[in-house]
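*Asks:* Input entry29.txt, format and content: compact mmCIF, C-alpha atoms.
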# COMPACT_ATOMS: atom_id res chain seq x y z
CA MET C 1062 69.10 115.83 102.05
CA VAL C 1063 72.57 117.16 102.67
CA SER C 1064 75.54 116.58 100.43
CA GLY C 1065 78.32 114.22 101.50
CA GLN C 1066 78.67 110.54 102.29
CA VAL C 1067 75.42 108.97 103.43
CA ILE C 1068 74.98 105.47 104.86
CA TYR C 1069 71.36 104.31 104.70
CA GLU C 1070 69.90 101.79 107.11
CA GLU C 1071 69.38 99.09 104.48
CA GLU C 1072 72.97 99.19 103.20
CA HIS C 1073 74.33 99.47 106.73
CA ASP C 1074 72.46 96.31 107.71
CA ARG C 1075 73.71 94.48 104.61
CA LEU C 1076 77.31 95.49 105.35
CA LYS C 1077 76.85 94.37 108.96
CA ASP C 1078 75.50 90.97 107.81
CA ILE C 1079 78.48 90.48 105.49
CA CYS C 1080 80.85 91.37 108.35
CA ASP C 1081 79.08 89.04 110.78
CA ARG C 1082 79.49 86.16 108.35
CA LEU C 1083 83.09 87.10 107.48
CA VAL C 1084 84.18 87.21 111.12
CA ARG C 1085 82.94 83.62 111.52
CA ASP C 1086 84.16 82.25 108.18
CA ALA C 1087 87.62 83.79 108.46
CA LEU C 1088 87.97 82.87 112.16
CA ALA C 1089 88.75 86.55 112.69
CA LYS C 1090 88.74 88.54 115.94
CA ALA C 1091 87.07 91.65 114.58
CA ILE C 1092 85.97 93.32 111.36
CA PHE C 1093 85.62 97.03 110.67
CA VAL C 1094 84.21 98.88 107.69
CA ILE C 1095 85.51 102.45 107.57
CA ASP C 1096 84.96 105.15 104.98
CA THR C 1097 88.13 106.47 103.37
CA ASP C 1098 87.74 109.81 105.17
CA GLY C 1099 88.12 108.02 108.52
CA GLN C 1100 84.55 107.50 109.76
CA LEU C 1101 83.48 104.15 111.12
CA VAL C 1102 80.58 102.60 109.19
CA THR C 1103 80.13 99.32 111.02
CA GLU C 1104 82.03 96.84 113.17
CA THR C 1105 81.66 93.32 114.52
CA GLY C 1106 83.53 90.83 116.72
CA GLU C 1107 85.82 91.55 119.64
CA THR C 1108 85.85 95.35 119.43
CA GLU C 1109 85.13 96.31 123.04
CA ASP C 1110 88.79 96.94 123.94
CA ILE C 1111 89.44 99.08 120.87
CA ASP C 1112 88.86 102.84 120.70
CA THR C 1113 86.94 102.45 117.46
CA THR C 1114 86.82 106.17 116.56
CA ASN C 1115 90.58 106.60 116.79
CA PHE C 1116 91.15 103.22 115.15
CA ALA C 1117 89.04 104.29 112.16
CA SER C 1118 90.90 107.56 111.82
CA LEU C 1119 94.33 105.91 111.99
CA ILE C 1120 93.40 103.16 109.52
CA ALA C 1121 92.12 105.79 107.07
CA GLY C 1122 95.33 107.80 107.55
CA SER C 1123 97.50 104.75 107.02
CA THR C 1124 95.49 103.70 103.96
CA ALA C 1125 95.72 107.21 102.51
CA ALA C 1126 99.48 107.22 103.08
CA THR C 1127 99.81 103.81 101.40
CA GLY C 1128 97.80 105.18 98.46
CA GLY C 1129 100.22 108.12 98.31
CA ILE C 1130 103.16 105.73 98.12
CA ALA C 1131 101.44 103.76 95.33
CA ASP C 1132 100.94 106.98 93.42
CA MET C 1133 104.64 107.87 93.74
CA LEU C 1134 105.55 104.47 92.30
CA GLY C 1135 103.17 104.87 89.37
CA GLU C 1136 100.60 102.40 90.73
CA ASP C 1137 96.93 103.33 90.76
CA ARG C 1138 96.66 102.03 94.30
CA PHE C 1139 97.67 99.24 96.63
CA PRO C 1140 94.16 97.87 97.18
CA VAL C 1141 95.27 95.32 99.78
CA HIS C 1142 97.83 95.62 102.55
CA PHE C 1143 98.71 93.56 105.54
CA HIS C 1144 100.33 94.28 108.92
CA GLU C 1145 101.85 91.38 110.80
CA GLY C 1146 102.27 91.59 114.56
CA ASP C 1147 103.39 89.17 117.25
CA GLN C 1148 99.83 88.24 118.19
CA ASN C 1149 97.49 90.31 116.05
CA HIS C 1150 97.53 90.87 112.33
CA ILE C 1151 95.53 93.26 110.18
CA HIS C 1152 94.33 92.68 106.62
CA VAL C 1153 93.16 95.86 104.90
CA SER C 1154 91.28 96.06 101.57
CA VAL C 1155 90.11 99.24 99.86
CA ILE C 1156 86.73 98.93 98.14
CA GLN C 1157 86.28 101.28 95.17
CA ASP C 1158 88.24 104.05 96.93
CA ALA C 1159 85.21 104.59 99.18
CA LEU C 1160 85.29 101.98 101.94
CA ILE C 1161 88.04 100.18 103.82
CA LEU C 1162 87.46 96.61 105.00
CA VAL C 1163 89.68 95.76 107.97
CA VAL C 1164 90.04 92.21 109.32
CA ILE C 1165 91.87 91.74 112.62
CA PHE C 1166 92.92 88.16 113.26
CA ASP C 1167 95.32 86.15 115.39
CA ASP C 1168 96.86 82.70 115.21
CA ARG C 1169 93.46 80.99 115.36
CA SER C 1170 93.26 81.97 111.67
CA SER C 1171 95.78 82.46 108.86
CA LEU C 1172 96.50 85.02 106.16
CA GLY C 1173 95.49 82.51 103.48
CA LEU C 1174 92.09 81.88 105.01
CA VAL C 1175 91.46 85.59 105.57
CA ARG C 1176 92.39 86.43 101.98
CA LEU C 1177 90.10 83.71 100.66
CA ARG C 1178 87.11 84.79 102.74
CA VAL C 1179 87.71 88.49 102.13
CA LYS C 1180 87.51 87.93 98.35
CA ARG C 1181 83.89 86.86 98.57
CA ALA C 1182 82.95 89.54 101.10
CA TYR C 1183 84.68 92.14 98.95
CA ARG C 1184 82.48 91.39 95.94
CA GLU C 1185 79.35 91.55 98.08
CA MET C 1186 80.43 94.84 99.60
CA GLU C 1187 81.04 96.27 96.13
CA ASN C 1188 77.42 95.50 95.28
CA VAL C 1189 76.21 97.20 98.45
CA LEU C 1190 78.39 100.20 97.71
CA ASN C 1191 77.05 100.50 94.16
CA ASN C 1192 73.51 100.35 95.52
CA MET C 1193 74.32 103.02 98.10
CA GLN C 1194 75.85 105.32 95.50
CA ASN C 1195 72.87 104.88 93.17
CA LYS C 1196 70.54 105.70 96.01
CA GLN C 1197 72.49 108.80 96.90
CA GLU C 1198 72.34 110.00 93.30
CA ASP C 1199 68.61 109.29 93.14
CA ASP C 1200 66.88 112.59 93.88
CA ASP C 1201 63.61 110.80 94.60
CA HIS C 1202 65.08 108.83 97.46
CA GLU C 1203 63.54 110.17 100.66
CA GLU C 1204 65.19 110.25 104.06
CA PRO C 1205 64.21 112.60 106.87
CA ASP C 1206 65.86 116.03 106.60
CA ILE C 1207 67.72 116.56 109.84
CA PHE C 1208 68.43 120.25 109.45
CA ASP C 1209 65.22 121.21 107.68
CA ASP C 1210 63.46 123.15 110.42
CA ILE C 1211 66.32 123.86 112.80
CA SER C 1212 66.50 127.52 113.80
CA GLU C 1213 69.52 129.79 113.97
CA GLU C 1214 69.07 129.98 117.75
CA GLU C 1215 69.17 126.20 118.03
CA LEU C 1216 72.40 126.10 116.04
CA ASP C 1217 73.90 128.73 118.38
CA ASP C 1218 72.80 126.79 121.45
CA LEU C 1219 74.21 123.58 120.05
CA VAL C 1220 77.66 125.10 119.70
CA ASN C 1221 77.59 127.20 122.86
CA ASP C 1222 76.38 124.32 125.06
CA THR C 1223 79.36 122.21 124.05
CA PHE C 1224 82.25 124.64 124.46
CA MET O 417 81.80 116.36 102.96
CA SER O 418 79.64 115.46 105.93
CA PHE O 419 79.13 111.83 106.81
CA ILE O 420 75.61 110.77 107.81
CA ASN O 421 74.92 107.28 109.07
CA TYR O 422 71.14 106.81 109.24
CA ALA O 423 71.49 103.37 110.80
CA GLN O 424 73.61 104.66 113.69
CA ARG O 425 71.77 108.02 113.69
CA GLU O 426 75.06 109.82 113.56
CA ILE O 427 76.48 112.85 111.72
CA ILE O 428 80.24 113.33 111.55
CA LEU O 429 81.86 116.60 110.53
CA LYS O 430 85.56 116.86 109.69
CA ILE O 431 87.41 120.07 110.51
CA VAL O 432 91.03 120.57 109.47
CA TYR O 433 93.53 122.94 111.11
CA TYR O 434 95.94 124.26 108.49
CA GLY O 435 98.88 126.68 108.63
CA PRO O 436 102.67 126.99 108.52
CA GLY O 437 105.02 124.97 110.73
CA LEU O 438 105.01 125.90 114.43
CA CYS O 439 102.02 128.27 114.04
CA GLY O 440 100.11 126.51 116.83
CA LYS O 441 97.75 124.01 115.18
CA THR O 442 98.57 121.24 117.65
CA THR O 443 98.49 123.74 120.52
CA ASN O 444 94.95 124.78 119.48
CA ILE O 445 93.81 121.15 119.45
CA LYS O 446 95.45 120.41 122.80
CA HIS O 447 93.77 123.46 124.32
CA ILE O 448 90.39 122.28 123.00
CA TYR O 449 91.04 118.84 124.45
CA GLN O 450 91.89 120.27 127.86
CA GLY O 451 88.97 122.72 127.85
CA THR O 452 86.26 120.23 126.85
CA ASN O 453 84.17 118.16 129.22
CA PRO O 454 85.69 114.63 129.33
CA ASP O 455 82.26 113.19 128.46
CA ALA O 456 82.24 115.15 125.21
CA ARG O 457 85.71 114.29 123.99
CA GLY O 458 87.55 111.19 122.82
CA LYS O 459 91.21 110.36 122.99
CA LEU O 460 93.65 112.85 121.48
CA VAL O 461 96.01 111.28 118.95
CA ASN O 462 99.30 113.01 118.05
CA LEU O 463 101.41 111.40 115.34
CA GLU O 464 104.59 113.36 115.93
CA THR O 465 108.36 113.12 115.52
CA GLN O 466 110.74 112.73 118.46
CA GLN O 467 111.12 116.51 118.33
CA GLU O 468 107.37 116.84 118.94
CA ARG O 469 106.70 118.16 115.45
CA THR O 470 103.55 116.82 113.79
CA LEU O 471 104.59 114.00 111.45
CA PHE O 472 101.24 113.09 109.92
CA PHE O 473 98.26 114.48 111.81
CA ASP O 474 96.65 115.17 115.16
CA PHE O 475 93.16 113.84 115.71
CA LEU O 476 90.56 114.73 118.32
CA PRO O 477 86.94 113.49 118.26
CA LEU O 478 84.34 115.66 120.04
CA SER O 479 80.59 115.20 120.59
CA LEU O 480 77.95 117.91 120.23
CA PRO O 481 74.46 117.55 121.71
CA GLU O 482 72.02 115.57 119.54
CA ILE O 483 70.29 117.22 116.59
CA ARG O 484 66.82 115.80 115.92
CA GLY O 485 67.88 112.51 117.49
CA PHE O 486 71.15 112.36 115.58
CA LYS O 487 74.43 112.24 117.48
CA THR O 488 76.68 114.93 116.04
CA ARG O 489 80.41 114.43 116.21
CA LEU O 490 83.29 116.67 115.24
CA HIS O 491 86.54 115.15 114.08
CA LEU O 492 89.35 117.70 114.41
CA TYR O 493 92.49 117.06 112.37
CA SER O 494 95.64 119.11 112.02
CA VAL O 495 98.04 118.85 109.11
CA PRO O 496 101.84 118.79 109.45
CA GLY O 497 102.93 122.37 108.78
CA GLN O 498 106.46 121.87 107.53
CA VAL O 499 106.73 122.63 103.80
CA PHE O 500 108.04 119.18 102.78
CA TYR O 501 104.96 117.37 104.09
CA SER O 502 102.82 118.58 101.20
CA LYS O 503 101.62 115.08 100.20
CA SER O 504 100.41 114.39 103.73
CA ARG O 505 98.53 117.69 103.88
CA ARG O 506 96.74 116.87 100.67
CA LEU O 507 95.68 113.44 101.98
CA ILE O 508 94.33 114.86 105.23
CA MET O 509 92.26 117.53 103.46
CA LYS O 510 90.13 114.84 101.79
CA GLY O 511 86.54 114.97 103.01
CA ALA O 512 86.96 118.16 105.05
CA ASP O 513 83.74 119.99 105.97
CA GLY O 514 85.51 123.09 107.24
CA VAL O 515 89.00 124.56 107.51
CA ILE O 516 90.69 126.73 110.13
CA PHE O 517 93.83 128.53 108.98
CA ILE O 518 96.18 129.32 111.86
CA ALA O 519 98.48 132.22 111.00
CA ASP O 520 101.65 132.88 112.99
CA SER O 521 101.54 136.57 113.97
CA GLN O 522 105.34 136.95 114.11
CA ARG O 523 106.75 139.22 111.41
CA ALA O 524 109.46 136.64 110.68
CA ARG O 525 106.71 134.16 109.67
CA ARG O 526 104.95 136.52 107.26
CA GLU O 527 106.18 134.73 104.14
CA ALA O 528 105.51 131.30 105.70
CA ASN O 529 101.87 132.35 106.25
CA ARG O 530 101.49 133.44 102.65
CA ILE O 531 103.07 130.25 101.30
CA SER O 532 100.85 128.09 103.51
CA MET O 533 97.72 129.94 102.39
CA GLU O 534 98.66 129.35 98.73
CA ASP O 535 99.36 125.69 99.52
CA LEU O 536 95.93 125.42 101.18
CA LYS O 537 94.19 126.88 98.14
CA GLU O 538 96.00 124.41 95.87
CA ASN O 539 95.08 121.46 98.06
CA LEU O 540 91.46 122.57 98.33
CA ASP O 541 91.36 122.92 94.58
CA PHE O 542 92.81 119.41 94.18
CA HIS O 543 89.85 117.98 96.11
CA GLY O 544 87.37 120.16 94.20
CA TYR O 545 86.72 122.66 96.97
CA ASP O 546 86.52 126.43 96.59
CA ILE O 547 87.96 128.41 99.50
CA ASP O 548 85.14 130.93 99.12
CA LYS O 549 82.49 128.21 99.46
CA ILE O 550 83.83 125.85 102.09
CA PRO O 551 83.33 126.97 105.73
CA PHE O 552 86.61 128.75 106.49
CA VAL O 553 88.00 130.79 109.38
CA ILE O 554 91.38 132.45 109.97
CA GLN O 555 93.03 132.71 113.36
CA TYR O 556 95.91 135.11 114.05
CA ASN O 557 97.76 133.21 116.74
CA LYS O 558 100.60 134.23 119.11
CA ARG O 559 99.14 137.68 119.77
CA ASP O 560 101.02 137.77 123.07
CA LEU O 561 104.46 137.99 121.44
CA ASP O 562 106.30 141.32 121.16
CA SER O 563 107.25 140.37 117.60
CA ALA O 564 103.58 140.01 116.58
CA MET O 565 102.59 142.07 113.54
CA PRO O 566 99.54 144.35 113.83
CA VAL O 567 96.38 142.43 112.89
CA GLU O 568 95.70 144.95 110.08
CA GLU O 569 98.92 143.90 108.35
CA LEU O 570 98.17 140.19 108.76
CA ARG O 571 94.68 140.78 107.43
CA GLN O 572 96.09 142.69 104.46
CA ASP O 573 98.21 139.62 103.63
CA LEU O 574 95.70 136.85 104.26
CA ASN O 575 92.20 138.29 104.25
CA PRO O 576 92.39 141.63 102.41
CA GLU O 577 88.71 141.74 101.45
CA GLU O 578 87.72 140.48 104.91
CA THR O 579 85.92 137.66 103.15
CA TYR O 580 86.44 135.20 106.02
CA PRO O 581 85.75 135.53 109.73
CA ASP O 582 89.04 136.05 111.57
CA TYR O 583 90.02 135.88 115.23
CA LYS O 584 92.96 136.91 117.38
CA ALA O 585 94.28 134.17 119.63
CA CYS O 586 96.94 133.07 122.03
CA ALA O 587 96.57 129.29 122.04
CA ILE O 588 99.48 128.67 124.38
CA ALA O 589 98.05 130.79 127.23
CA PRO O 590 96.25 128.81 129.96
CA GLU O 591 92.90 130.40 129.09
CA GLY O 592 93.68 130.23 125.34
CA PRO O 593 91.82 133.34 124.21
CA GLY O 594 90.40 132.99 120.71
CA VAL O 595 90.79 129.19 120.45
CA PHE O 596 87.18 128.19 121.12
CA GLU O 597 85.81 131.27 119.32
CA THR O 598 87.61 130.14 116.16
CA LEU O 599 86.29 126.59 116.42
CA LYS O 600 82.73 127.72 117.18
CA SER O 601 82.79 130.00 114.17
CA VAL O 602 83.67 127.24 111.71
CA VAL O 603 81.22 124.77 113.31
CA LYS O 604 78.39 127.28 112.95
CA GLN O 605 79.31 127.88 109.32
CA ILE O 606 79.25 124.12 108.64
CA LEU O 607 75.87 123.67 110.34
CA ARG O 608 74.42 126.63 108.42
CA GLU O 609 75.75 125.10 105.22
CA LEU O 610 74.07 121.76 106.04
CA LYS O 611 70.83 123.59 106.77
CA LYS O 612 71.04 125.39 103.43
CA THR O 613 71.52 122.15 101.49
CA SER O 614 68.88 120.17 103.40
Write out the structure in this file as C-alpha cells.
*Replies:*
Amino acid sequence: MVSGQVIYEEEHDRLKDICDRLVRDALAKAIFVIDTDGQLVTETGETEDIDTTNFASLIAGSTAATGGIADMLGEDRFPVHFHEGDQNHIHVSVIQDALILVVIFDDRSSLGLVRLRVKRAYREMENVLNNMQNKQEDDDHEEPDIFDDISEEELDDLVNDTF
Amino acid sequence: MSFINYAQREIILKIVYYGPGLCGKTTNIKHIYQGTNPDARGKLVNLETQQERTLFFDFLPLSLPEIRGFKTRLHLYSVPGQVFYSKSRRLIMKGADGVIFIADSQRARREANRISMEDLKENLDFHGYDIDKIPFVIQYNKRDLDSAMPVEELRQDLNPEETYPDYKACAIAPEGPGVFETLKSVVKQILRELKKTS
C-alpha cells in the first residue's frame, strides 16, 4: 500500500449512490465529489460537456482560496459557498476538510431545495469518509499493491514512452 | 500525497513548479503542453493577470501509460512567483507528490532565487514535508542569456551539497532543452518513492 489519499471501491460506490440520489432529489444538473487537493472522486448527472479534470482542479483552487479568506478573517473555514450565475448556479460544501461536494443546478431547482437535500447527503458522506479513513489507517486492510513488482526498467519506459 | 482511486483504477500524482517571479514556470508548463501528444494531455489552464503574470496557478493534466491496469495521471501546477502571493503558494503546495524548483540564471535574480527557495522550504514545512524526503529537482533556466551566472555559482547558492538532481534549461527556446529532462527526473523519483512504500 502506498501512502496518500486512497478511494476504495466500496466507499466510491457508496458516494456514487448518494450522488445519484441527490441529483434526483435536489433536481440538480450534476454532482461532483472532489478531494481537496483537486482530484475528482466521482460524478453524476449532466457532466458530458464539462472538462471534469479541469473543473475539479479549479473547484479545489477556489475552495482553498475561500478557506484562506476565512482564515484571514479568523474563521475556521467557510464550509459552504454558493456561486450564482445567469443560468447555472453552484453550491459547494466542504466535508471534513477532505472532500468537496459540488451541486450544479439551474432554474428547475432552487437554492433552498439544494441546501435541504445537501444536508442529508452531507451527513451520509461524512459517514463514508470516516469509514474510508478508518480503512486507510487499518494496516490489515488488503488492496493489491500496484508498484510491488515493477522494475526500474519499467519505470524508465513508462516515463520515456510518454515524453 | 498520491491519490489512488481503486474504483476508477486511477493514480494521480501532483507536481508543483516553484520559483521566483518570471523564472519560467509557466513557460516550462506551456512547453510541456506543446511537446506532448494531444492524446496524452488535457486542457491547459492559466489563471493569470491582464499582464500575463500568474495570478493563482497554471494547471496541466497529463496521462502516462497504464501501470498494472491503473491509469496514471500527472497533474502539473505552477505557483504564482511574485513575493506577495505567499498565501496562494502555500495553498497550491497542499498534496504535492513532487516539486520542481525553477531558478532564474540571471545574476540580477540571485537574491530572488534564494528567497524563493527559503519560501519553498517554509511552505513544505507547513504541510509537513521535508525537502530532503519529497521528490525534488532544480532547474537552472534561461541558460541562453548573456547575463546567466555560471551553473557552479547557482549550485553553490541553491544546491551546495548537490543533494538534488539539477538540470540546465532554456524553456523559452523552441526545442526547450532541459524542460522534459527536469519533469522526467521528478516523475521517476515519485514512482520510485511509491515503489518503496508499496
*Asks:* Please find the residues of chain O near chain C - the criterion being any atom within 6 Å, counting only C-alpha atoms - and write them as a list of chain:residue names.
*Replies:*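 Selected residues: O:Met417, O:Ser418, O:Phe419, O:Ile420, O:Asn421, O:Tyr422, O:Ala423, O:Leu480, O:Gly511, O:Leu610, O:Lys611, O:Thr613, O:Ser614.
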*Asks:* Quick one: residues within 6 Å of Ala519 (chain O), all atoms listed in the file, excluding same-chain residues fewer than 2 positions away - as a PyMOL selection string?
*Replies:* chain O and resi 529+555-557
*Asks:* CA of Ala1182 (chain C) to CA of Ser1170 (chain C): how many Å, to one decimal?
*Replies:*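 About the pair CA of Ala1182 (chain C) and CA of Ser1170 (chain C): they are 16.6 Å apart.
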*Asks:* At a cut-off of 10 Å from (91.1, 127.5, 104.6) in the coordinates of the file, what residues are picked up using only C-alpha atoms, written as a PyMOL selection string?
*Replies:* chain O and resi 432-435+514-518+532-537+539-540+546-548+550-554+580
*Asks:* Within 9 Å of region 1141-1152 of chain C, counting all atoms listed in the file, which residues show up once you throw out same-chain ones fewer than 6 positions away? Write them as a PyMOL selection string, please.
*Replies:* chain C and resi 1090+1124+1127+1162-1168+1172+1175-1176
*Asks:* May I have the selected residues written with C-alpha atoms, as an mmCIF file, in the coordinates of the input?
*Replies:*
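out_15.cif, written as the output of this step:
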data_model
loop_
_atom_site.group_PDB
_atom_site.id
_atom_site.type_symbol
_atom_site.label_atom_id
_atom_site.label_comp_id
_atom_site.auth_asym_id
_atom_site.auth_seq_id
_atom_site.Cartn_x
_atom_site.Cartn_y
_atom_site.Cartn_z
ATOM 1 C CA LYS C 1090 88.740 88.540 115.940
ATOM 2 C CA THR C 1124 95.490 103.700 103.960
ATOM 3 C CA THR C 1127 99.810 103.810 101.400
ATOM 4 C CA LEU C 1162 87.460 96.610 105.000
ATOM 5 C CA VAL C 1163 89.680 95.760 107.970
ATOM 6 C CA VAL C 1164 90.040 92.210 109.320
ATOM 7 C CA ILE C 1165 91.870 91.740 112.620
ATOM 8 C CA PHE C 1166 92.920 88.160 113.260
ATOM 9 C CA ASP C 1167 95.320 86.150 115.390
ATOM 10 C CA ASP C 1168 96.860 82.700 115.210
ATOM 11 C CA LEU C 1172 96.500 85.020 106.160
ATOM 12 C CA VAL C 1175 91.460 85.590 105.570
ATOM 13 C CA ARG C 1176 92.390 86.430 101.980
#
*Asks:* To test the calculation: enclose all listed atoms of region 548-556 of chain O in a box whose edges run along x, y and z, add 6 Å on each side, then state centre and edge lengths in Å to one decimal, as lines of an AutoDock Vina configuration file.
*Replies:*
center_x = 89.2
center_y = 130.5
center_z = 106.6
size_x = 25.4
size_y = 21.3
size_z = 26.9
*Asks:* Could you please determine the separation between CA of Leu429 (chain O) and CA of Asp513 (chain O) in Å, to one decimal place?
*Replies:*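 Computing it gives 6.0 Å between the two atoms.
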*Asks:* Interatomic distance between CA of Gly544 (chain O) and CA of Pro436 (chain O)?
*Replies:*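 Value for the CA of Gly544 (chain O)-CA of Pro436 (chain O) distance: 22.0 Å.
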*Asks:* Could you name the residues that touch Arg571 (chain O) at 9 Å or less, counting all atoms listed in the file, but leaving out those on the same chain fewer than 6 positions away, as a ChimeraX atom specification?
*Replies:* /O:556,577-578,582
*Asks:* For Glu1109 (chain C), please output as JSON, numbers by chain all residues within 10 Å (counting all atoms listed in the file; exclusion window: fewer than 4 positions along the same chain).
*Replies:* {"C": [1091, 1105, 1113]}
*Asks:* Which is closest to Tyr583 (chain O) among O:Arg457, O:His543, O:Lys549, O:Arg559, if we use all atoms listed in the file?
*Replies:*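 With all atoms listed in the file as the atom set, the closest residue is O:Arg559.
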*Asks:* Would you list the contacts of Glu597 (chain O) as a JSON list (two decimals) with C-alpha atoms, keeping the file's coordinate frame, taking every protein, DNA or RNA residue within 9 Å and counting all atoms listed in the file, but skipping same-chain residues closer than 4 positions in sequence?
*Replies:*
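Result file out_0.json:
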[["chain", "number", "residue", "atom", "x", "y", "z"],
["O", 583, "TYR", "CA", 90.02, 135.88, 115.23],
["O", 585, "ALA", "CA", 94.28, 134.17, 119.63],
["O", 593, "PRO", "CA", 91.82, 133.34, 124.21],
["O", 601, "SER", "CA", 82.79, 130.00, 114.17],
["O", 602, "VAL", "CA", 83.67, 127.24, 111.71]]
